[in-house]
>>> print(open('my_file.cif').read())   # mmCIF, C-alpha atoms
data_structure
loop_
_atom_site.group_PDB
_atom_site.id
_atom_site.type_symbol
_atom_site.label_atom_id
_atom_site.label_comp_id
_atom_site.auth_asym_id
_atom_site.auth_seq_id
_atom_site.Cartn_x
_atom_site.Cartn_y
_atom_site.Cartn_z
ATOM 1 C CA ALA J 134 7.137 4.731 16.022
ATOM 2 C CA GLN J 135 6.268 1.759 13.885
ATOM 3 C CA SER J 136 8.567 0.704 11.063
ATOM 4 C CA VAL J 137 9.144 -2.106 8.607
ATOM 5 C CA THR J 138 12.452 -3.299 7.220
ATOM 6 C CA GLN J 139 12.691 -5.397 4.103
ATOM 7 C CA PRO J 140 16.419 -6.131 3.916
ATOM 8 C CA ASP J 141 16.438 -7.359 0.336
ATOM 9 C CA ILE J 142 15.848 -4.739 -2.319
ATOM 10 C CA HIS J 143 16.021 -7.224 -5.185
ATOM 11 C CA ILE J 144 15.915 -11.016 -5.279
ATOM 12 C CA THR J 145 16.335 -13.274 -8.289
ATOM 13 C CA VAL J 146 15.217 -16.903 -8.248
ATOM 14 C CA SER J 147 14.774 -19.595 -10.854
ATOM 15 C CA GLU J 148 11.323 -20.775 -11.745
ATOM 16 C CA GLY J 149 10.405 -23.739 -9.555
ATOM 17 C CA ALA J 150 12.784 -22.749 -6.777
ATOM 18 C CA SER J 151 11.615 -21.913 -3.278
ATOM 19 C CA LEU J 152 11.295 -18.322 -2.115
ATOM 20 C CA GLU J 153 11.583 -16.498 1.179
ATOM 21 C CA LEU J 154 11.171 -12.732 1.466
ATOM 22 C CA ARG J 155 12.232 -11.224 4.751
ATOM 23 C CA CYS J 156 10.319 -8.688 6.799
ATOM 24 C CA ASN J 157 11.185 -7.268 10.200
ATOM 25 C CA TYR J 158 8.931 -4.830 11.985
ATOM 26 C CA SER J 159 8.951 -2.529 14.956
ATOM 27 C CA TYR J 160 5.674 -1.961 16.751
ATOM 28 C CA GLY J 161 4.778 -1.192 20.332
ATOM 29 C CA ALA J 162 1.841 -3.544 20.682
ATOM 30 C CA THR J 163 0.435 -6.615 19.009
ATOM 31 C CA PRO J 164 0.697 -5.800 15.337
ATOM 32 C CA TYR J 165 -1.494 -6.393 12.366
ATOM 33 C CA LEU J 166 0.824 -7.671 9.610
ATOM 34 C CA PHE J 167 0.301 -7.804 5.879
ATOM 35 C CA TRP J 168 1.990 -8.785 2.656
ATOM 36 C CA TYR J 169 0.982 -7.037 -0.567
ATOM 37 C CA VAL J 170 2.105 -7.628 -4.144
ATOM 38 C CA GLN J 171 2.346 -4.932 -6.797
ATOM 39 C CA SER J 172 2.676 -5.825 -10.466
ATOM 40 C CA PRO J 173 3.461 -3.204 -13.123
ATOM 41 C CA GLY J 174 0.371 -1.236 -14.045
ATOM 42 C CA GLN J 175 -1.686 -2.835 -11.311
ATOM 43 C CA GLY J 176 -2.738 -1.834 -7.853
ATOM 44 C CA LEU J 177 -1.506 -3.379 -4.673
ATOM 45 C CA GLN J 178 -3.079 -6.756 -4.004
ATOM 46 C CA LEU J 179 -3.313 -8.348 -0.580
ATOM 47 C CA LEU J 180 -1.548 -11.715 -0.395
ATOM 48 C CA LEU J 181 -2.190 -12.497 3.248
ATOM 49 C CA LYS J 182 -2.611 -10.960 6.670
ATOM 50 C CA TYR J 183 -2.041 -11.789 10.313
ATOM 51 C CA PHE J 184 -4.273 -10.373 13.038
ATOM 52 C CA SER J 185 -4.164 -13.041 15.735
ATOM 53 C CA GLY J 186 -4.272 -16.783 16.312
ATOM 54 C CA ASP J 187 -2.266 -19.292 14.309
ATOM 55 C CA THR J 188 1.114 -17.765 13.542
ATOM 56 C CA LEU J 189 1.383 -19.517 10.179
ATOM 57 C CA VAL J 190 -0.994 -17.883 7.750
ATOM 58 C CA GLN J 191 -1.926 -19.031 4.294
ATOM 59 C CA GLY J 192 -2.600 -16.626 1.487
ATOM 60 C CA ILE J 193 -3.485 -16.523 -2.145
ATOM 61 C CA LYS J 194 -1.341 -17.841 -4.992
ATOM 62 C CA GLY J 195 0.298 -20.455 -2.758
ATOM 63 C CA PHE J 196 2.024 -17.980 -0.443
ATOM 64 C CA GLU J 197 2.346 -18.350 3.309
ATOM 65 C CA ALA J 198 3.937 -16.298 6.066
ATOM 66 C CA GLU J 199 4.956 -16.981 9.633
ATOM 67 C CA PHE J 200 4.673 -14.484 12.467
ATOM 68 C CA LYS J 201 7.555 -14.801 14.930
ATOM 69 C CA ARG J 202 7.056 -12.422 17.804
ATOM 70 C CA SER J 203 10.448 -13.162 19.386
ATOM 71 C CA GLN J 204 12.197 -12.153 16.177
ATOM 72 C CA SER J 205 9.784 -9.384 15.169
ATOM 73 C CA SER J 206 9.567 -11.028 11.795
ATOM 74 C CA PHE J 207 6.881 -11.917 9.285
ATOM 75 C CA ASN J 208 8.657 -13.648 6.414
ATOM 76 C CA LEU J 209 6.846 -14.596 3.236
ATOM 77 C CA ARG J 210 7.442 -17.998 1.658
ATOM 78 C CA LYS J 211 6.470 -19.981 -1.388
ATOM 79 C CA PRO J 212 7.695 -23.531 -2.060
ATOM 80 C CA SER J 213 7.842 -23.250 -5.855
ATOM 81 C CA VAL J 214 7.953 -19.931 -7.685
ATOM 82 C CA HIS J 215 6.186 -19.375 -10.993
ATOM 83 C CA TRP J 216 7.223 -16.837 -13.634
ATOM 84 C CA SER J 217 3.991 -14.947 -12.959
ATOM 85 C CA ASP J 218 5.163 -14.257 -9.397
ATOM 86 C CA ALA J 219 7.643 -11.670 -10.678
ATOM 87 C CA ALA J 220 6.547 -8.419 -9.033
ATOM 88 C CA GLU J 221 7.323 -6.131 -6.122
ATOM 89 C CA TYR J 222 6.364 -7.328 -2.664
ATOM 90 C CA PHE J 223 5.586 -5.083 0.281
ATOM 91 C CA CYS J 224 5.354 -5.980 3.941
ATOM 92 C CA ALA J 225 3.224 -3.702 6.123
ATOM 93 C CA VAL J 226 2.424 -3.305 9.822
ATOM 94 C CA GLY J 227 -0.274 -1.425 11.683
ATOM 95 C CA GLY J 228 -2.374 -1.292 14.789
ATOM 96 C CA SER J 229 -5.415 -1.162 12.632
ATOM 97 C CA ASN J 230 -6.358 -2.106 9.161
ATOM 98 C CA TYR J 231 -5.923 1.262 7.575
ATOM 99 C CA LYS J 232 -2.985 3.196 8.945
ATOM 100 C CA LEU J 233 -0.338 0.888 7.637
ATOM 101 C CA THR J 234 3.409 1.424 7.567
ATOM 102 C CA PHE J 235 4.936 -0.225 4.541
ATOM 103 C CA GLY J 236 8.466 -1.390 3.920
ATOM 104 C CA LYS J 237 10.383 -0.202 0.870
ATOM 105 C CA GLY J 238 9.582 -3.376 -1.000
ATOM 106 C CA THR J 239 11.466 -6.318 -2.485
ATOM 107 C CA LEU J 240 11.577 -6.689 -6.252
ATOM 108 C CA LEU J 241 11.350 -10.326 -7.315
ATOM 109 C CA THR J 242 12.777 -11.455 -10.638
ATOM 110 C CA VAL J 243 12.077 -14.996 -11.822
ATOM 111 C CA ASN J 244 14.452 -16.612 -14.282
ATOM 112 C CA PRO J 245 13.126 -19.293 -16.650
ATOM 113 C CA GLY S 181 -17.440 -0.607 -11.076
ATOM 114 C CA ALA S 182 -15.522 -3.784 -10.473
ATOM 115 C CA GLY S 183 -12.603 -2.145 -8.705
ATOM 116 C CA VAL S 184 -11.257 1.124 -7.366
ATOM 117 C CA SER S 185 -10.950 3.632 -10.185
ATOM 118 C CA GLN S 186 -8.522 6.553 -10.103
ATOM 119 C CA THR S 187 -8.295 9.442 -12.529
ATOM 120 C CA PRO S 188 -6.201 10.732 -14.083
ATOM 121 C CA SER S 189 -3.750 7.883 -14.364
ATOM 122 C CA ASN S 190 -1.025 10.397 -15.193
ATOM 123 C CA LYS S 191 -0.824 14.101 -14.466
ATOM 124 C CA VAL S 192 2.011 16.431 -15.372
ATOM 125 C CA THR S 193 1.871 19.914 -13.951
ATOM 126 C CA GLU S 194 4.097 22.876 -13.279
ATOM 127 C CA LYS S 195 5.382 23.954 -9.912
ATOM 128 C CA GLY S 196 2.884 26.184 -8.159
ATOM 129 C CA LYS S 197 -0.198 24.841 -9.932
ATOM 130 C CA TYR S 198 -3.292 23.310 -8.332
ATOM 131 C CA VAL S 199 -4.085 19.618 -8.871
ATOM 132 C CA GLU S 200 -7.086 17.404 -8.172
ATOM 133 C CA LEU S 201 -6.941 13.611 -8.129
ATOM 134 C CA ARG S 202 -10.135 11.590 -8.098
ATOM 135 C CA CYS S 203 -10.937 8.229 -6.561
ATOM 136 C CA ASP S 204 -14.068 6.212 -7.225
ATOM 137 C CA PRO S 205 -14.217 3.372 -4.673
ATOM 138 C CA ILE S 206 -15.872 -0.007 -4.955
ATOM 139 C CA SER S 207 -19.615 0.430 -4.717
ATOM 140 C CA GLY S 208 -20.864 0.052 -1.156
ATOM 141 C CA HIS S 209 -17.471 0.458 0.495
ATOM 142 C CA THR S 210 -17.786 2.890 3.365
ATOM 143 C CA ALA S 211 -14.092 3.279 4.098
ATOM 144 C CA LEU S 212 -11.712 5.091 1.746
ATOM 145 C CA TYR S 213 -7.986 5.691 2.069
ATOM 146 C CA TRP S 214 -5.328 7.756 0.328
ATOM 147 C CA TYR S 215 -1.693 6.726 0.295
ATOM 148 C CA ARG S 216 1.322 8.224 -1.476
ATOM 149 C CA GLN S 217 4.141 6.196 -2.999
ATOM 150 C CA SER S 218 7.356 7.978 -3.881
ATOM 151 C CA LEU S 219 9.948 6.403 -6.153
ATOM 152 C CA GLY S 220 11.713 3.507 -4.447
ATOM 153 C CA GLN S 221 9.520 3.689 -1.368
ATOM 154 C CA GLY S 222 6.536 1.873 0.011
ATOM 155 C CA PRO S 223 3.174 3.587 0.217
ATOM 156 C CA GLU S 224 2.717 6.158 2.994
ATOM 157 C CA PHE S 225 -0.627 6.783 4.667
ATOM 158 C CA LEU S 226 -2.239 10.156 4.015
ATOM 159 C CA ILE S 227 -5.889 10.119 5.087
ATOM 160 C CA TYR S 228 -8.768 7.799 5.940
ATOM 161 C CA PHE S 229 -12.480 8.458 5.443
ATOM 162 C CA GLN S 230 -15.302 6.598 7.097
ATOM 163 C CA GLY S 231 -18.368 7.715 5.192
ATOM 164 C CA THR S 232 -18.185 11.438 4.485
ATOM 165 C CA GLY S 233 -15.892 12.387 7.317
ATOM 166 C CA ALA S 234 -12.129 12.223 7.597
ATOM 167 C CA ALA S 235 -11.585 9.836 10.487
ATOM 168 C CA ASP S 236 -7.817 10.287 10.411
ATOM 169 C CA ASP S 237 -5.900 12.878 8.370
ATOM 170 C CA SER S 238 -2.683 12.655 10.327
ATOM 171 C CA GLY S 239 -0.676 11.592 7.284
ATOM 172 C CA LEU S 240 -1.289 14.716 5.206
ATOM 173 C CA PRO S 241 2.160 16.323 4.936
ATOM 174 C CA ASN S 242 1.066 19.964 5.198
ATOM 175 C CA ASP S 243 -1.850 22.306 4.639
ATOM 176 C CA ARG S 244 -1.362 22.318 0.878
ATOM 177 C CA PHE S 245 -2.985 18.887 0.858
ATOM 178 C CA PHE S 246 -6.704 18.456 1.375
ATOM 179 C CA ALA S 247 -9.184 15.675 0.615
ATOM 180 C CA VAL S 248 -12.950 15.538 0.512
ATOM 181 C CA ARG S 249 -15.635 12.892 0.180
ATOM 182 C CA PRO S 250 -18.848 14.907 0.204
ATOM 183 C CA GLU S 251 -21.349 12.138 -0.503
ATOM 184 C CA GLY S 252 -19.522 9.240 1.055
ATOM 185 C CA SER S 253 -18.492 7.728 -2.250
ATOM 186 C CA VAL S 254 -16.118 9.505 -4.648
ATOM 187 C CA SER S 255 -13.176 11.276 -3.063
ATOM 188 C CA THR S 256 -10.948 14.035 -4.376
ATOM 189 C CA LEU S 257 -7.426 14.717 -3.183
ATOM 190 C CA LYS S 258 -6.504 18.350 -3.712
ATOM 191 C CA ILE S 259 -2.976 19.714 -3.771
ATOM 192 C CA GLN S 260 -2.390 23.455 -3.831
ATOM 193 C CA ARG S 261 0.790 25.228 -4.928
ATOM 194 C CA THR S 262 2.401 22.004 -6.040
ATOM 195 C CA GLU S 263 6.099 21.461 -5.421
ATOM 196 C CA ARG S 264 8.540 19.138 -7.157
ATOM 197 C CA GLY S 265 8.653 17.023 -4.003
ATOM 198 C CA ASP S 266 4.959 16.234 -4.443
ATOM 199 C CA SER S 267 5.818 14.060 -7.445
ATOM 200 C CA ALA S 268 4.692 10.537 -6.595
ATOM 201 C CA VAL S 269 2.025 7.948 -7.261
ATOM 202 C CA TYR S 270 -1.096 8.682 -5.254
ATOM 203 C CA LEU S 271 -2.944 5.496 -4.332
ATOM 204 C CA CYS S 272 -6.537 5.198 -3.292
ATOM 205 C CA ALA S 273 -8.027 2.179 -1.556
ATOM 206 C CA SER S 274 -11.435 1.264 -0.224
ATOM 207 C CA SER S 275 -12.810 -1.366 2.104
ATOM 208 C CA ALA S 276 -16.202 -2.576 3.241
ATOM 209 C CA SER S 277 -15.410 -1.397 6.744
ATOM 210 C CA GLY S 278 -12.664 0.420 8.560
ATOM 211 C CA GLY S 279 -11.963 -2.487 10.871
ATOM 212 C CA THR S 280 -10.367 -5.626 9.594
ATOM 213 C CA GLY S 281 -11.811 -5.539 6.105
ATOM 214 C CA GLU S 282 -9.402 -5.985 3.230
ATOM 215 C CA LEU S 283 -8.194 -2.837 1.468
ATOM 216 C CA PHE S 284 -8.654 -2.847 -2.295
ATOM 217 C CA PHE S 285 -6.231 -0.509 -4.040
ATOM 218 C CA GLY S 286 -6.598 1.342 -7.316
ATOM 219 C CA GLU S 287 -3.813 1.565 -9.864
ATOM 220 C CA GLY S 288 -2.867 5.027 -8.714
ATOM 221 C CA SER S 289 -2.471 8.482 -10.182
ATOM 222 C CA ARG S 290 1.091 9.346 -11.113
ATOM 223 C CA LEU S 291 1.758 13.025 -10.469
ATOM 224 C CA THR S 292 4.802 14.719 -11.950
ATOM 225 C CA VAL S 293 5.561 18.294 -10.944
ATOM 226 C CA LEU S 294 8.013 20.039 -13.270
#
>>> encode(input="my_file.cif", output="structure tokens")
Amino acid sequence: AQSVTQPDIHITVSEGASLELRCNYSYGATPYLFWYVQSPGQGLQLLLKYFSGDTLVQGIKGFEAEFKRSQSSFNLRKPSVHWSDAAEYFCAVGGSNYKLTFGKGTLLTVNP
Amino acid sequence: GAGVSQTPSNKVTEKGKYVELRCDPISGHTALYWYRQSLGQGPEFLIYFQGTGAADDSGLPNDRFFAVRPEGSVSTLKIQRTERGDSAVYLCASSASGGTGELFFGEGSRLTVL
């Protein structure tokens, strides 16, 4: 069965600091991998996705993620966090675009 | 509309009652999805429509849950004999195709069963 683990329930960083959110997945074949962001009162928004090819993928809002097959990881990074990045972040895996398995999420707090 | 619209945004009902949640996808999107997000959890897949038909309903938890999309646009998720454990945010998403197209999510319908 496919699964996603986001080890950090809550992370706090200072504005301008770098950020890395961890994601480990379990999947029996080549996975499709996604990062979504959910802000209060808003729907989930896709930050980036990996289907194949270059293992370093660029997304919106300055985010990037790296697929590491040997570690079953797809960590999300941003070099300099802005206060507006405060939100909940979800990693997801699937064999297709629609039947995704999400992690429990990581809540990001940004201190001024 | 500009995005995926879900109504109602909040629904409070009593145990045993029947509930309908509506999703209006982005115009022209053929694929529609329902997910459920319980408190402290990530979204869980419920059902996927391609056009009018349910292409995959393997995520529906039991036969109290049913969804329709009769004209290939608006979808309704129906829950019979609601239970307290059904309390969650029900998310709808749509995409231009069911392949690798991006899913666009609505803000969700928060269901509370007392």
>>> atom_distance(input="my_file.cif", atom1="CA of Phe167 (chain J)", atom2="CA of Tyr213 (chain S)")
16.3 Å
>>> resolve_selection(input="my_file.cif", expression="the PyMOL selection byres ((chain J and resi 143) around 8)", output="ChimeraX atom specification")
/J:141-142,144-145,239-242
>>> interface_residues(input="my_file.cif", of="chain J", to="chain S", cutoff="6 Å", atoms="only C-alpha atoms", output="list in words")
Gln175, Gly176, Leu177, Asn230, Phe235, Gly236 and Lys237 of chain J
>>> closest_residue(input="my_file.cif", among="S:Ala276, S:Leu257, S:Leu291, S:Ala268", to="Leu201 (chain S)", atoms="all atoms listed in the file")
S:Leu257
>>> atom_distance(input="my_file.cif", atom1="CA of Asn242 (chain S)", atom2="CA of Gln135 (chain J)")
20.8 Å
>>> resolve_selection(input="my_file.cif", expression="the PyMOL selection byres ((chain S and resi 199) around 7)", output="list in words")
Lys197, Tyr198, Glu200, Leu201, Lys258, Ile259 and Gln260 of chain S
>>> resolve_selection(input="my_file.cif", expression="the PyMOL selection byres ((chain J and resi 207) around 12)", output="PyMOL selection string")
chain J and resi 137-139+153-159+164-168+181-184+188-190+197-206+208-210+223-226+236
>>> residues_around(input="my_file.cif", residues="Arg264 (chain S)", least_positions_apart="6", cutoff="12 Å", atoms="only C-alpha atoms", output="list in words")
Val192, Thr193, Glu194, Lys195, Gly196, Lys197, Ser218, Leu291, Thr292, Val293 and Leu294 of chain S
>>> write_last_selection(input="my_file.cif", atoms="C-alpha atoms", output="tab-separated table (two decimals), keeping the file's coordinate frame")
chain	number	residue	atom	x	y	z
S	192	VAL	CA	2.01	16.43	-15.37
S	193	THR	CA	1.87	19.91	-13.95
S	194	GLU	CA	4.10	22.88	-13.28
S	195	LYS	CA	5.38	23.95	-9.91
S	196	GLY	CA	2.88	26.18	-8.16
S	197	LYS	CA	-0.20	24.84	-9.93
S	218	SER	CA	7.36	7.98	-3.88
S	291	LEU	CA	1.76	13.02	-10.47
S	292	THR	CA	4.80	14.72	-11.95
S	293	VAL	CA	5.56	18.29	-10.94
S	294	LEU	CA	8.01	20.04	-13.27
>>> atom_distance(input="my_file.cif", atom1="CA of Val254 (chain S)", atom2="CA of Arg202 (chain S)")
7.2 Å
>>> closest_residue(input="my_file.cif", among="S:Ser253, S:Ser185, S:Ala234, S:Thr262", to="Thr210 (chain S)", atoms="only C-alpha atoms")
S:Ser253
>>> closest_residue(input="my_file.cif", among="J:Ile193, J:Gly227, J:Glu221, J:Gly174", to="Val269 (chain S)", atoms="only C-alpha atoms")
J:Gly174
